>>> print(open('my_file-v7.cif').read())   # mmCIF, C-alpha atoms
data_final
#
loop_
_atom_site.label_atom_id
_atom_site.label_comp_id
_atom_site.auth_asym_id
_atom_site.auth_seq_id
_atom_site.Cartn_x
_atom_site.Cartn_y
_atom_site.Cartn_z
CA MET W 16 -7.45 7.92 17.92
CA GLN W 17 -4.94 10.74 17.88
CA SER W 18 -5.70 14.38 17.28
CA GLN W 19 -3.91 14.29 13.94
CA ASP W 20 -6.33 11.59 12.79
CA VAL W 21 -9.32 13.92 12.95
CA ALA W 22 -10.65 14.23 9.45
CA LYS W 23 -11.16 17.62 7.90
CA ARG W 24 -14.73 18.48 7.06
CA PRO W 25 -15.43 18.88 3.37
CA ALA W 26 -16.07 22.37 2.15
CA ALA W 27 -19.68 23.16 1.45
CA SER W 28 -20.79 23.91 -2.07
CA PRO W 29 -23.48 26.48 -2.84
CA THR W 30 -25.90 23.67 -3.77
CA ASP W 31 -25.45 21.68 -0.56
CA PRO W 32 -28.50 21.59 1.71
CA VAL W 33 -27.88 23.21 5.07
CA VAL W 34 -28.79 22.48 8.67
CA ASP W 35 -29.53 25.70 10.50
CA VAL W 36 -29.49 26.29 14.25
CA GLU W 37 -33.27 26.14 14.57
CA GLN W 38 -33.49 22.77 12.83
CA ALA W 39 -30.68 21.30 14.93
CA GLU W 40 -32.13 22.75 18.14
CA ALA W 41 -35.54 21.25 17.43
CA ALA W 42 -33.94 17.83 16.95
CA LEU W 43 -31.84 18.24 20.10
CA VAL W 44 -34.84 19.15 22.25
CA GLU W 45 -36.99 16.36 20.85
CA HIS W 46 -34.33 13.67 21.25
CA TYR W 47 -32.42 15.09 24.23
CA PRO W 48 -32.70 12.01 26.52
CA ARG W 49 -31.58 9.71 23.72
CA LEU W 50 -28.62 11.92 22.79
CA VAL W 51 -27.46 12.19 26.40
CA ARG W 52 -27.70 8.40 26.76
CA LEU W 53 -25.62 8.04 23.59
CA ALA W 54 -22.95 10.41 24.95
CA TYR W 55 -22.92 8.68 28.34
CA LEU W 56 -22.38 5.27 26.76
CA VAL W 57 -19.56 6.41 24.45
CA LEU W 58 -17.71 8.38 27.15
CA PRO W 59 -14.94 6.45 28.93
CA PRO W 60 -16.20 4.84 32.17
CA SER W 61 -12.90 5.82 33.80
CA LEU W 62 -14.37 9.31 34.24
CA GLY W 63 -16.63 8.00 36.99
CA ARG W 64 -20.42 8.06 36.86
CA ASN W 65 -20.86 11.59 38.25
CA ARG W 66 -18.51 13.22 35.75
CA ARG W 67 -19.85 11.05 32.91
CA VAL W 68 -23.37 12.30 33.66
CA LEU W 69 -22.36 15.97 33.69
CA THR W 70 -20.08 15.61 30.67
CA ALA W 71 -22.79 13.82 28.66
CA HIS W 72 -25.23 16.67 29.28
CA ALA W 73 -22.55 19.27 28.48
CA LEU W 74 -21.59 17.61 25.18
CA VAL W 75 -25.18 17.42 23.99
CA GLN W 76 -25.92 21.02 24.99
CA ARG W 77 -22.84 22.18 23.02
CA ALA W 78 -23.70 20.12 19.92
CA LEU W 79 -25.59 22.85 18.06
CA PRO W 80 -23.96 24.43 15.01
CA ARG W 81 -22.76 28.00 15.42
CA GLY W 82 -24.51 29.04 12.24
CA ARG W 83 -25.77 27.34 9.12
CA ALA W 84 -23.89 24.08 8.56
CA SER W 85 -23.65 22.23 5.29
CA ALA W 86 -25.43 18.87 5.32
CA SER W 87 -22.53 17.53 3.25
CA VAL W 88 -20.65 17.05 6.52
CA ILE W 89 -23.33 14.59 7.66
CA PRO W 90 -22.84 11.04 6.38
CA ALA W 91 -25.76 9.72 4.37
CA GLN W 92 -27.85 7.32 6.42
CA SER W 93 -29.65 4.59 4.54
CA THR W 94 -31.59 3.14 7.46
CA GLY W 95 -31.96 3.59 11.19
CA ARG W 96 -34.39 5.18 13.58
CA ASP W 97 -34.03 8.71 12.24
CA VAL W 98 -32.97 10.27 8.98
CA ASP W 99 -33.64 13.89 9.99
CA PRO W 100 -30.55 15.93 8.97
CA GLY W 101 -30.83 18.08 12.10
CA TYR W 102 -30.75 15.04 14.35
CA ALA W 103 -27.95 13.40 12.33
CA PHE W 104 -25.86 16.58 12.62
CA VAL W 105 -26.31 16.82 16.40
CA ARG W 106 -25.65 13.10 16.86
CA LEU W 107 -22.44 13.36 14.84
CA ASN W 108 -21.19 16.20 17.06
CA VAL W 109 -22.06 14.21 20.17
CA VAL W 110 -20.15 11.14 18.95
CA ARG W 111 -17.16 13.23 17.87
CA THR W 112 -16.82 15.12 21.15
CA ALA W 113 -17.46 11.99 23.26
CA LEU W 114 -14.60 10.28 21.44
CA GLU W 115 -12.39 13.34 21.94
CA ALA W 116 -13.16 13.27 25.66
CA GLY W 117 -11.58 9.82 25.85
CA LEU W 118 -8.29 10.89 24.30
CA PRO W 119 -5.31 11.14 26.67
CA LEU W 120 -4.13 14.65 27.44
CA SER W 121 -0.92 15.64 25.68
CA PHE W 122 1.69 18.12 26.86
CA ARG W 123 2.37 18.98 23.21
CA ALA W 124 -1.08 20.37 22.45
CA TRP W 125 -3.82 22.33 24.15
CA PRO W 126 -6.53 20.04 25.51
CA LYS W 127 -9.79 20.02 23.65
CA ARG W 128 -12.80 21.48 25.40
CA SER W 129 -14.42 18.05 25.65
CA GLN W 130 -11.36 16.71 27.52
CA LEU W 131 -11.80 19.17 30.39
CA PRO W 132 -14.35 18.95 33.22
CA PRO W 133 -17.54 20.68 32.04
CA LEU W 134 -18.12 24.22 33.24
CA LEU W 135 -21.87 23.78 32.80
CA PRO W 136 -23.92 22.03 33.95
CA GLN W 137 -22.29 21.98 37.38
CA VAL W 138 -23.54 20.57 40.68
CA ARG W 139 -21.93 21.46 44.00
CA GLY W 140 -22.05 19.20 47.03
CA LEU W 141 -23.81 16.30 45.29
CA ARG W 142 -22.85 13.24 43.29
CA LEU W 143 -25.28 12.29 40.53
CA PHE W 144 -25.53 8.85 39.01
CA PRO W 145 -28.10 6.76 37.12
CA ARG W 146 -30.25 4.23 38.88
CA SER W 147 -28.61 0.85 39.37
CA GLY W 148 -29.64 -1.97 37.08
CA GLY W 149 -29.31 -5.69 37.48
CA ALA W 150 -26.44 -8.10 37.06
CA ASP W 151 -26.78 -8.11 33.26
CA GLU W 152 -26.46 -4.33 33.04
CA LEU W 153 -23.45 -4.34 35.35
CA ALA W 154 -21.75 -7.03 33.26
CA LEU W 155 -22.44 -5.09 30.05
CA ASP W 156 -21.04 -1.89 31.57
CA GLN W 157 -17.86 -3.76 32.47
CA ARG W 158 -17.58 -5.15 28.94
CA LEU W 159 -18.06 -1.70 27.43
CA SER W 160 -15.42 -0.26 29.75
CA ALA W 161 -12.91 -2.74 28.33
CA LEU W 162 -13.53 -1.53 24.76
CA SER W 163 -11.74 1.34 23.08
CA GLY W 164 -13.67 4.57 22.51
CA PRO W 165 -14.34 3.87 18.79
CA ALA W 166 -15.43 0.30 19.61
CA ARG W 167 -17.87 1.60 22.24
CA ALA W 168 -19.20 4.01 19.62
CA VAL W 169 -19.66 1.13 17.18
CA TYR W 170 -21.53 -0.93 19.77
CA VAL W 171 -23.79 1.98 20.76
CA LEU W 172 -24.51 3.08 17.18
CA ARG W 173 -25.42 -0.48 16.28
CA GLY W 174 -27.54 -1.11 19.35
CA LEU W 175 -29.06 2.23 20.34
CA GLU W 176 -29.28 3.84 16.89
CA LYS W 177 -29.94 0.63 14.91
CA LEU W 178 -27.39 1.60 12.26
CA PRO W 179 -25.93 -0.99 9.87
CA ASP W 180 -22.16 -1.22 9.69
CA GLY W 181 -21.98 0.86 6.51
CA ASP W 182 -23.62 3.81 8.23
CA VAL W 183 -21.53 3.24 11.37
CA ARG W 184 -18.40 3.52 9.23
CA ARG W 185 -19.59 6.79 7.73
CA VAL W 186 -20.45 8.28 11.12
CA LEU W 187 -17.06 7.33 12.57
CA ALA W 188 -15.25 8.68 9.51
CA ALA W 189 -17.10 12.00 9.83
CA ALA W 190 -16.26 12.01 13.56
CA GLY W 191 -12.55 11.78 12.73
CA VAL W 192 -11.75 8.08 13.11
CA ASP W 193 -9.49 6.80 10.33
CA ALA W 194 -10.39 3.74 8.25
CA GLU W 195 -7.88 1.37 9.85
CA GLU W 196 -9.00 2.23 13.37
CA THR W 197 -12.62 1.86 12.30
CA ASP W 198 -11.91 -1.67 11.06
CA GLU W 199 -10.31 -2.49 14.40
CA ALA W 200 -13.26 -0.97 16.28
CA LEU W 201 -15.78 -3.02 14.31
CA SER W 202 -13.85 -6.23 15.01
CA GLU W 203 -13.47 -5.32 18.68
CA ALA W 204 -17.19 -4.58 19.05
CA ASP W 205 -18.02 -7.94 17.45
CA GLU W 206 -16.44 -9.67 20.45
CA ALA W 207 -18.92 -8.09 22.89
CA PRO W 208 -22.28 -9.90 23.25
CA ALA W 209 -25.01 -8.15 21.27
CA GLN W 210 -27.18 -7.32 24.29
CA TYR W 211 -28.48 -4.19 22.65
CA GLU W 212 -31.79 -4.17 24.51
CA LEU W 213 -29.89 -3.45 27.73
CA LEU W 214 -28.70 -0.10 26.36
CA ASN W 215 -32.20 1.24 27.08
CA SER W 216 -31.92 0.24 30.74
CA PRO W 217 -32.17 2.86 33.54
CA GLU W 218 -28.54 1.88 34.33
CA PHE W 219 -27.51 3.96 31.31
CA ASP W 220 -30.04 6.81 31.62
CA PRO W 221 -28.27 10.06 32.61
CA CYS W 222 -31.61 11.89 32.74
CA SER W 223 -33.06 9.79 35.58
CA LEU W 224 -30.65 10.19 38.46
CA HIS W 225 -29.97 9.50 42.11
CA ALA W 226 -28.25 12.16 44.21
CA ARG W 227 -25.92 11.59 47.13
CA PRO W 228 -23.68 14.02 49.05
CA THR W 229 -20.00 14.24 48.32
CA ASP W 230 -17.42 13.52 51.05
CA LEU W 231 -18.77 15.63 53.94
CA MET W 232 -15.59 15.45 56.03
CA ARG W 233 -13.46 16.59 53.10
CA ARG W 234 -15.88 19.42 52.36
CA ARG W 235 -15.66 20.58 55.98
CA GLN W 236 -11.85 20.48 55.87
CA HIS W 237 -11.81 22.43 52.60
CA GLY W 238 -14.22 24.98 54.07
CA LYS W 239 -11.99 25.51 57.13
CA ALA W 240 -8.93 25.81 54.91
CA ALA W 241 -10.69 28.41 52.74
CA LEU W 242 -11.71 30.45 55.79
CA ALA W 243 -8.16 30.29 57.16
CA ALA W 244 -6.74 31.40 53.81
CA ALA W 245 -9.21 34.29 53.63
CA ALA W 246 -8.31 35.35 57.17
#
>>> encode(input="my_file-v7.cif", output="structure tokens")
Amino acid sequence: MQSQDVAKRPAASPTDPVVDVEQAEAALVEHYPRLVRLAYLVLPPSLGRNRRVLTAHALVQRALPRGRASASVIPAQSTGRDVDPGYAFVRLNVVRTALEAGLPLSFRAWPKRSQLPPLLPQVRGLRLFPRSGGADELALDQRLSALSGPARAVYVLRGLEKLPDGDVRRVLAAAGVDAEETDEALSEADEAPAQYELLNSPEFDPCSLHARPTDLMRRRQHGKAALAAAA
């Protein structure tokens, strides 16, 4: 998915229902663990588990609308676990920015905010990562890492959100994925085993974390270098 493929949002009409900040915030707070898990699963595993954790939290916390947003930008959802417009709006922003985070940086354009390391939340001196699962979870994580970003989104929306393919198409289209790439993503996701129950494993829970120190020797060397530079 290239930046030029990002679809323009339709203009709101005066009769369109709106999603205000309070409605979206209520949905975000209620479903925060689920939204962060969704972001974590769609983000590229090449980021590493620590940065994926922090980026997932950052994307969800930045998913609120800046004002009143037209619900016409939210694809209609016929089935699934939730049909609340506030939740659908926040989820769409999470999927869109998680896909953007997986785009390669280009020297021809400014990087998007989601492509940069998150400013907040930030943890110094510690690495954070979800609890380890079993062999099945590890195998699934490796399979997901081999998928493209849109294909991972398809797999997660099918498995975690219980969306049929028609709704998956609408979500991806609203997130900026063109029709041809969506077709390829659906076919690619079909090749991965449908082990959807594993998506609820602690292996993929960025809200239940282990903490370990970063490289202590490197930190000491950096500290000495900083003191020498200040002197």
>>> resolve_selection(input="my_file-v7.cif", expression="the PyMOL selection byres ((chain W and resi 111-121) around 7)", output="list in words")
Ala54, Val57, Leu58, Pro59, Leu74, Leu107, Asn108, Val109, Val110, Phe122, Arg123, Ala124, Pro126, Ser129, Gln130, Gly164, Pro165 and Ala190 of chain W
>>> closest_residue(input="my_file-v7.cif", among="W:Tyr170, W:Phe219, W:Phe104, W:Tyr47", to="Ala204 of chain W", atoms="all atoms listed in the file")
W:Tyr170
>>> resolve_selection(input="my_file-v7.cif", expression="the PyMOL selection byres ((chain W and resi 67) around 12)", output="PyMOL selection string")
chain W and resi 51-66+68-74+113+116-117+129-133+136+142-145+219-222
>>> atom_distance(input="my_file-v7.cif", atom1="atom CA of Pro80 of chain W", atom2="atom CA of Asp35 of chain W")
7.3 Å
>>> residues_around(input="my_file-v7.cif", residues="Gly174 of chain W", least_positions_apart="4", cutoff="12 Å", atoms="only C-alpha atoms", output="list in words")
Leu53, Leu56, Gly95, Arg96, Arg167, Ala168, Val169, Tyr170, Leu178, Pro179, Asp180, Val183, Ala204, Asp205, Ala207, Pro208, Ala209, Gln210, Tyr211, Glu212, Leu213, Leu214 and Asn215 of chain W
>>> write_last_selection(input="my_file-v7.cif", atoms="C-alpha atoms", output="PDB file, keeping the file's coordinate frame")
ATOM      1  CA  LEU W  53     -25.620   8.040  23.590  1.00  0.00           C
ATOM      2  CA  LEU W  56     -22.380   5.270  26.760  1.00  0.00           C
ATOM      3  CA  GLY W  95     -31.960   3.590  11.190  1.00  0.00           C
ATOM      4  CA  ARG W  96     -34.390   5.180  13.580  1.00  0.00           C
ATOM      5  CA  ARG W 167     -17.870   1.600  22.240  1.00  0.00           C
ATOM      6  CA  ALA W 168     -19.200   4.010  19.620  1.00  0.00           C
ATOM      7  CA  VAL W 169     -19.660   1.130  17.180  1.00  0.00           C
ATOM      8  CA  TYR W 170     -21.530  -0.930  19.770  1.00  0.00           C
ATOM      9  CA  LEU W 178     -27.390   1.600  12.260  1.00  0.00           C
ATOM     10  CA  PRO W 179     -25.930  -0.990   9.870  1.00  0.00           C
ATOM     11  CA  ASP W 180     -22.160  -1.220   9.690  1.00  0.00           C
ATOM     12  CA  VAL W 183     -21.530   3.240  11.370  1.00  0.00           C
ATOM     13  CA  ALA W 204     -17.190  -4.580  19.050  1.00  0.00           C
ATOM     14  CA  ASP W 205     -18.020  -7.940  17.450  1.00  0.00           C
ATOM     15  CA  ALA W 207     -18.920  -8.090  22.890  1.00  0.00           C
ATOM     16  CA  PRO W 208     -22.280  -9.900  23.250  1.00  0.00           C
ATOM     17  CA  ALA W 209     -25.010  -8.150  21.270  1.00  0.00           C
ATOM     18  CA  GLN W 210     -27.180  -7.320  24.290  1.00  0.00           C
ATOM     19  CA  TYR W 211     -28.480  -4.190  22.650  1.00  0.00           C
ATOM     20  CA  GLU W 212     -31.790  -4.170  24.510  1.00  0.00           C
ATOM     21  CA  LEU W 213     -29.890  -3.450  27.730  1.00  0.00           C
ATOM     22  CA  LEU W 214     -28.700  -0.100  26.360  1.00  0.00           C
ATOM     23  CA  ASN W 215     -32.200   1.240  27.080  1.00  0.00           C
TER      24      ASN W 215
END
>>> atom_distance(input="my_file-v7.cif", atom1="atom CA of Ala42 of chain W", atom2="atom CA of Leu135 of chain W")
20.8 Å
>>> residues_around(input="my_file-v7.cif", residues="Gly101 of chain W", least_positions_apart="6", cutoff="9 Å", atoms="all atoms listed in the file", output="list in words")
Val34, Asp35, Val36, Glu37, Gln38, Ala39, Glu40, Ala41, Ala42, Leu43 and Ala86 of chain W
>>> closest_residue(input="my_file-v7.cif", among="W:Ala226, W:Ala150, W:Arg49, W:Pro100", to="Val33 of chain W", atoms="only C-alpha atoms")
W:Pro100
>>> atom_distance(input="my_file-v7.cif", atom1="atom CA of Gly148 of chain W", atom2="atom CA of Ser160 of chain W")
16.1 Å
>>> closest_residue(input="my_file-v7.cif", among="W:Leu224, W:Arg185, W:Ser216, W:Arg81", to="Leu153 of chain W", atoms="all atoms listed in the file")
W:Ser216
